[in-house]
file run.txt (compact mmCIF, C-alpha atoms)
# COMPACT_ATOMS: atom_id res chain seq x y z
CA ALA A 214 53.31 169.13 70.75
CA GLN A 215 50.59 166.54 70.91
CA ARG A 216 47.12 167.91 71.31
CA VAL A 217 43.62 166.51 71.17
CA THR A 218 40.70 168.82 70.53
CA GLN A 219 37.07 168.00 71.11
CA PRO A 220 35.27 171.11 69.93
CA GLU A 221 31.93 170.35 71.54
CA LYS A 222 31.68 170.38 75.33
CA LEU A 223 28.02 169.46 75.15
CA LEU A 224 26.07 167.54 72.52
CA SER A 225 22.40 166.74 72.71
CA VAL A 226 20.54 164.53 70.23
CA PHE A 227 17.24 162.70 70.16
CA LYS A 228 16.94 158.96 70.56
CA GLY A 229 17.21 157.25 67.20
CA ALA A 230 19.10 160.14 65.59
CA PRO A 231 22.67 159.78 64.33
CA VAL A 232 25.48 160.85 66.63
CA GLU A 233 28.89 162.22 65.74
CA LEU A 234 31.38 163.31 68.38
CA LYS A 235 34.26 165.21 66.87
CA CYS A 236 37.91 164.72 67.69
CA ASN A 237 40.87 166.37 66.02
CA TYR A 238 44.48 165.82 66.92
CA SER A 239 47.88 167.28 66.25
CA TYR A 240 50.84 164.95 66.17
CA SER A 241 53.60 164.61 63.64
CA GLY A 242 54.16 160.87 63.91
CA SER A 243 51.83 157.90 63.68
CA PRO A 244 49.49 158.21 66.61
CA GLU A 245 47.26 155.69 68.25
CA LEU A 246 43.79 157.07 68.87
CA PHE A 247 41.28 155.99 71.47
CA TRP A 248 37.80 156.82 72.66
CA TYR A 249 37.08 156.49 76.35
CA VAL A 250 33.63 156.77 77.92
CA GLN A 251 32.46 157.54 81.42
CA TYR A 252 28.87 156.69 82.27
CA SER A 253 27.19 158.28 85.27
CA ARG A 254 28.74 157.04 88.55
CA GLN A 255 31.06 154.68 86.70
CA ARG A 256 34.76 154.77 86.05
CA LEU A 257 36.44 155.79 82.83
CA GLN A 258 36.59 152.86 80.40
CA LEU A 259 37.92 152.21 76.93
CA LEU A 260 35.25 152.31 74.24
CA LEU A 261 37.38 151.62 71.18
CA ARG A 262 40.81 152.11 69.67
CA HIS A 263 41.57 152.74 66.05
CA ILE A 264 43.98 149.85 65.55
CA SER A 265 41.33 147.28 66.43
CA ARG A 266 38.90 148.68 63.88
CA GLU A 267 35.95 147.17 65.71
CA SER A 268 32.49 148.44 66.51
CA ILE A 269 31.59 148.65 70.18
CA LYS A 270 28.00 149.29 71.28
CA GLY A 271 27.29 150.37 67.72
CA PHE A 272 29.98 153.06 67.76
CA THR A 273 32.67 153.30 65.11
CA ALA A 274 35.53 155.70 64.55
CA ASP A 275 37.78 156.05 61.54
CA LEU A 276 41.20 157.58 61.69
CA ASN A 277 41.56 160.21 58.96
CA LYS A 278 45.21 161.15 58.81
CA GLY A 279 44.62 163.75 56.10
CA GLU A 280 42.17 165.65 58.28
CA THR A 281 43.85 164.56 61.53
CA SER A 282 40.50 163.49 62.87
CA PHE A 283 39.05 160.53 64.73
CA HIS A 284 35.35 161.25 64.95
CA LEU A 285 33.10 158.86 66.86
CA LYS A 286 29.87 157.90 65.14
CA LYS A 287 26.74 155.93 65.81
CA PRO A 288 23.85 155.73 63.33
CA PHE A 289 21.04 155.48 65.89
CA ALA A 290 21.50 156.93 69.37
CA GLN A 291 20.12 155.16 72.41
CA GLU A 292 19.34 156.67 75.81
CA GLU A 293 22.02 154.54 77.45
CA ASP A 294 24.62 156.29 75.30
CA SER A 295 24.33 159.38 77.48
CA ALA A 296 27.78 159.80 79.02
CA MET A 297 31.01 161.75 78.95
CA TYR A 298 33.23 160.84 75.99
CA TYR A 299 36.95 161.48 75.81
CA CYS A 300 39.17 161.19 72.76
CA ALA A 301 42.79 160.31 73.55
CA LEU A 302 46.06 159.99 71.69
CA SER A 303 49.17 157.98 72.43
CA GLN A 304 52.55 158.17 70.78
CA GLY A 305 53.48 154.68 71.95
CA ALA A 306 55.14 155.83 75.16
CA GLN A 307 52.15 154.64 77.16
CA LYS A 308 51.18 158.24 77.88
CA LEU A 309 47.65 159.17 76.92
CA VAL A 310 46.84 162.74 75.93
CA PHE A 311 43.15 163.39 76.44
CA GLY A 312 40.78 165.89 74.93
CA GLN A 313 38.55 167.98 77.15
CA GLY A 314 35.64 165.64 76.69
CA THR A 315 32.14 165.91 75.25
CA ARG A 316 29.06 165.35 77.38
CA LEU A 317 26.53 163.53 75.22
CA THR A 318 22.89 163.63 76.21
CA ILE A 319 20.33 161.50 74.42
CA ASN A 320 16.83 162.90 74.71
CA PRO A 321 13.87 160.49 74.69
CA GLU B 189 37.82 140.20 88.28
CA ALA B 190 38.56 143.05 90.67
CA GLY B 191 39.31 146.33 88.98
CA VAL B 192 41.79 149.03 89.85
CA THR B 193 41.24 150.27 93.38
CA GLN B 194 42.20 153.61 94.86
CA SER B 195 42.25 154.97 98.38
CA PRO B 196 41.13 157.12 99.95
CA THR B 197 38.02 158.13 98.06
CA HIS B 198 38.23 161.66 99.37
CA LEU B 199 41.11 163.54 100.96
CA ILE B 200 41.03 167.01 102.46
CA LYS B 201 44.26 168.82 103.19
CA THR B 202 45.42 172.35 103.81
CA ARG B 203 47.97 174.35 101.86
CA GLY B 204 51.53 173.28 102.52
CA GLN B 205 50.63 169.80 103.71
CA GLN B 206 51.52 166.54 101.99
CA ALA B 207 49.04 164.14 100.44
CA THR B 208 49.52 160.43 99.76
CA LEU B 209 47.24 158.62 97.36
CA ARG B 210 47.27 154.88 96.83
CA CYS B 211 46.48 152.61 93.92
CA SER B 212 46.23 148.85 93.52
CA PRO B 213 46.35 147.61 89.94
CA ILE B 214 44.42 144.76 88.40
CA SER B 215 46.03 141.43 89.26
CA GLY B 216 48.66 140.59 86.65
CA HIS B 217 49.18 144.19 85.57
CA THR B 218 52.65 145.61 86.07
CA SER B 219 52.13 149.16 84.77
CA VAL B 220 50.49 151.91 86.78
CA TYR B 221 49.63 155.38 85.53
CA TRP B 222 48.54 158.51 87.36
CA TYR B 223 46.42 161.26 85.86
CA GLN B 224 45.11 164.54 87.25
CA GLN B 225 41.63 165.75 86.34
CA ALA B 226 41.38 169.32 87.48
CA LEU B 227 38.35 171.47 86.84
CA GLY B 228 38.62 173.05 83.43
CA LEU B 229 41.89 171.35 82.57
CA GLY B 230 40.76 167.89 81.62
CA LEU B 231 42.72 164.71 82.18
CA GLN B 232 46.46 165.26 82.30
CA PHE B 233 49.11 162.56 82.44
CA LEU B 234 51.23 162.64 85.59
CA LEU B 235 53.37 159.52 85.91
CA TRP B 236 53.89 156.03 84.55
CA TYR B 237 55.49 153.23 86.55
CA ASP B 238 56.36 149.80 85.27
CA GLU B 239 58.22 147.04 87.06
CA GLY B 240 59.03 149.41 89.91
CA GLU B 241 60.63 152.08 87.74
CA GLU B 242 59.38 155.51 86.67
CA ARG B 243 59.09 155.25 82.87
CA ASN B 244 57.54 158.56 81.89
CA ARG B 245 56.53 161.79 83.53
CA GLY B 246 54.12 164.54 82.57
CA ASN B 247 54.65 168.26 82.81
CA PHE B 248 54.27 168.57 86.60
CA PRO B 249 56.63 170.02 89.21
CA PRO B 250 58.92 167.73 91.24
CA ARG B 251 56.69 168.01 94.31
CA PHE B 252 54.53 165.45 92.50
CA SER B 253 56.28 162.14 92.98
CA GLY B 254 55.45 158.53 93.42
CA ARG B 255 56.68 155.03 93.62
CA GLN B 256 55.70 151.51 92.72
CA PHE B 257 56.07 148.68 95.16
CA PRO B 258 57.16 145.07 94.47
CA ASN B 259 53.50 144.00 94.42
CA TYR B 260 52.96 146.66 91.68
CA SER B 261 50.76 148.86 93.83
CA SER B 262 51.64 152.52 93.71
CA GLU B 263 51.63 155.69 95.75
CA LEU B 264 51.36 159.24 94.51
CA ASN B 265 52.78 161.86 96.83
CA VAL B 266 52.09 165.54 96.50
CA ASN B 267 54.24 167.77 98.69
CA ALA B 268 53.72 171.41 99.64
CA LEU B 269 50.10 171.32 98.52
CA GLU B 270 48.73 174.30 96.66
CA LEU B 271 45.12 175.25 96.15
CA GLU B 272 45.33 174.39 92.44
CA ASP B 273 46.25 170.80 93.30
CA SER B 274 42.58 170.25 94.13
CA ALA B 275 41.46 167.70 91.58
CA LEU B 276 40.38 164.14 90.93
CA TYR B 277 43.41 161.89 90.70
CA LEU B 278 42.91 158.82 88.56
CA CYS B 279 45.06 155.75 88.59
CA ALA B 280 45.11 153.28 85.72
CA SER B 281 46.86 149.98 85.18
CA SER B 282 47.82 147.89 82.18
CA LEU B 283 49.53 144.63 81.39
CA GLY B 284 52.81 146.43 80.83
CA ARG B 285 53.56 144.47 77.70
CA MET B 286 54.01 146.42 74.52
CA THR B 287 53.48 144.68 71.23
CA GLY B 288 55.60 146.59 68.76
CA ASP B 289 54.46 150.21 68.94
CA SER B 290 51.06 149.35 70.33
CA THR B 291 49.88 151.08 73.48
CA ASP B 292 48.56 148.95 76.29
CA THR B 293 44.90 149.32 77.13
CA GLN B 294 44.67 151.26 80.37
CA TYR B 295 42.01 150.37 82.95
CA PHE B 296 41.03 153.16 85.27
CA GLY B 297 40.18 153.28 88.93
CA PRO B 298 37.40 155.36 90.49
CA GLY B 299 39.73 158.15 91.54
CA THR B 300 40.67 160.03 94.69
CA ARG B 301 39.14 163.47 95.13
CA LEU B 302 41.78 165.74 96.70
CA THR B 303 40.62 169.03 98.13
CA VAL B 304 43.18 171.58 99.29
CA LEU B 305 41.85 174.30 101.60
call {"tool": "encode", "arguments": {"input": "run.txt", "output": "C-alpha cells"}}
result
Amino acid sequence: AQRVTQPEKLLSVFKGAPVELKCNYSYSGSPELFWYVQYSRQRLQLLLRHISRESIKGFTADLNKGETSFHLKKPFAQEEDSAMYYCALSQGAQKLVFGQGTRLTINP
Amino acid sequence: EAGVTQSPTHLIKTRGQQATLRCSPISGHTSVYWYQQALGLGLQFLLWYDEGEERNRGNFPPRFSGRQFPNYSSELNVNALELEDSALYLCASSLGRMTGDSTDTQYFGPGTRLTVL
C-alpha cells in the first residue's frame, strides 16, 4: 500500500538557519512526489514536484529512491516560510496520498 | 484568474441527515477531486471526476457519492451522516490532461467545514 510518512508534526528553526522537512514513502512502483504548502488563512498550494526539478522560494527536494525519501530543504529559512507543509505521492492515477503534514515555524 | 471555489463555507448537520457540498473548478479544468481532512487523519482522497465520469475512488463507504455536471462543476453528497464525518472537505481541479504517466497539478479550493452534531 502507498504510504507517506512525515515524522515531524512540528518543526521550529531560527531565521537564517537551514531547514529540512522529512518525507519518506512506501510504494513499489515509480512514484511522483510533491510538496504542498498551506500558509496561514490561505488554501493548499503546490510548492514543487520532483519531476520538474526546480527550486521554488529557495526550496529544493531530491527524490532518493534508495532511501525512499523526498526531503524538503532550504539553506536559509525566512519568517514567511512559516506554514504547514504536506508531502504527497501519486502513482499516476491522479490520486494524491498525503502525509500528515509538518507545521514549520520560523523564529525571528 | 479565479481559483477553485467551494460552497458553503460551513455546514452544520445532525446525525442521519444528508449533506451536499459544491465545487466549481478553475475555468478550462475538466478534472475535479474531493479530499477529506479529518482531525488527526490528514488529507484523504475521496473521489476523482473527469469529463463527467467517476475515474477513481478512495477507501470510503458508498454513502459518500458525487457527480460532475456538464460545466465540470461537482457535488459531493454524504448520506446518513455520522459524527466522524465532521471534517474539512477540500475540492481540487486540474486540466485533466495526462502527459504520459505524469500527474496533473491539482489546485485546491478553500474547503467546506462540515460539522455533524
call {"tool": "closest_residue", "arguments": {"input": "run.txt", "among": "B:Leu264, B:Ile214, B:Val220, B:Ala275", "to": "chain A", "atoms": "all atoms listed in the file"}}
result
B:Val220
call {"tool": "closest_residue", "arguments": {"input": "run.txt", "among": "A:Leu257, A:Glu245, A:Arg316, A:Lys270", "to": "Gln225 of chain B", "atoms": "all atoms listed in the file"}}
result
A:Leu257
call {"tool": "residues_around", "arguments": {"input": "run.txt", "residues": "segment 269-273 of chain B", "least_positions_apart": "2", "cutoff": "8 Å", "atoms": "only C-alpha atoms", "output": "PyMOL selection string"}}
result
chain B and resi 201-207+226+266-267+275+302-305
call {"tool": "atom_distance", "arguments": {"input": "run.txt", "atom1": "atom CA of Asn247 of chain B", "atom2": "atom CA of Val310 of chain A"}}
result
11.8 Å
call {"tool": "closest_residue", "arguments": {"input": "run.txt", "among": "B:Val192, B:Ala268, B:Leu234, B:Leu276", "to": "Cys211 of chain B", "atoms": "all atoms listed in the file"}}
result
B:Val192
call {"tool": "residues_around", "arguments": {"input": "run.txt", "residues": "Ser219 of chain B", "least_positions_apart": "6", "cutoff": "10 Å", "atoms": "all atoms listed in the file", "output": "MDAnalysis selection string"}}
result
(chainID A and resid 307) or (chainID B and resid 213 236:243 256 260:262 280:285 292 294)
call {"tool": "atom_distance", "arguments": {"input": "run.txt", "atom1": "atom CA of Gln313 of chain A", "atom2": "atom CA of Cys236 of chain A"}}
result
10.0 Å
call {"tool": "interface_residues", "arguments": {"input": "run.txt", "of": "chain B", "to": "chain A", "cutoff": "8 Å", "atoms": "all atoms listed in the file", "output": "NGL selection string"}}
result
:B and (229-233 or 236 or 244 or 289-298)
call {"tool": "atom_distance", "arguments": {"input": "run.txt", "atom1": "atom CA of Leu224 of chain A", "atom2": "atom CA of Thr315 of chain A"}}
result
6.9 Å
call {"tool": "residues_around", "arguments": {"input": "run.txt", "residues": "Leu278 of chain B", "least_positions_apart": "4", "cutoff": "6 Å", "atoms": "all atoms listed in the file", "output": "PDB file with C-alpha atoms, keeping the file's coordinate frame"}}
result
ATOM      1  CA  TRP B 222      48.540 158.510  87.360  1.00  0.00           C
ATOM      2  CA  TYR B 223      46.420 161.260  85.860  1.00  0.00           C
ATOM      3  CA  GLY B 299      39.730 158.150  91.540  1.00  0.00           C
TER       4      GLY B 299
END
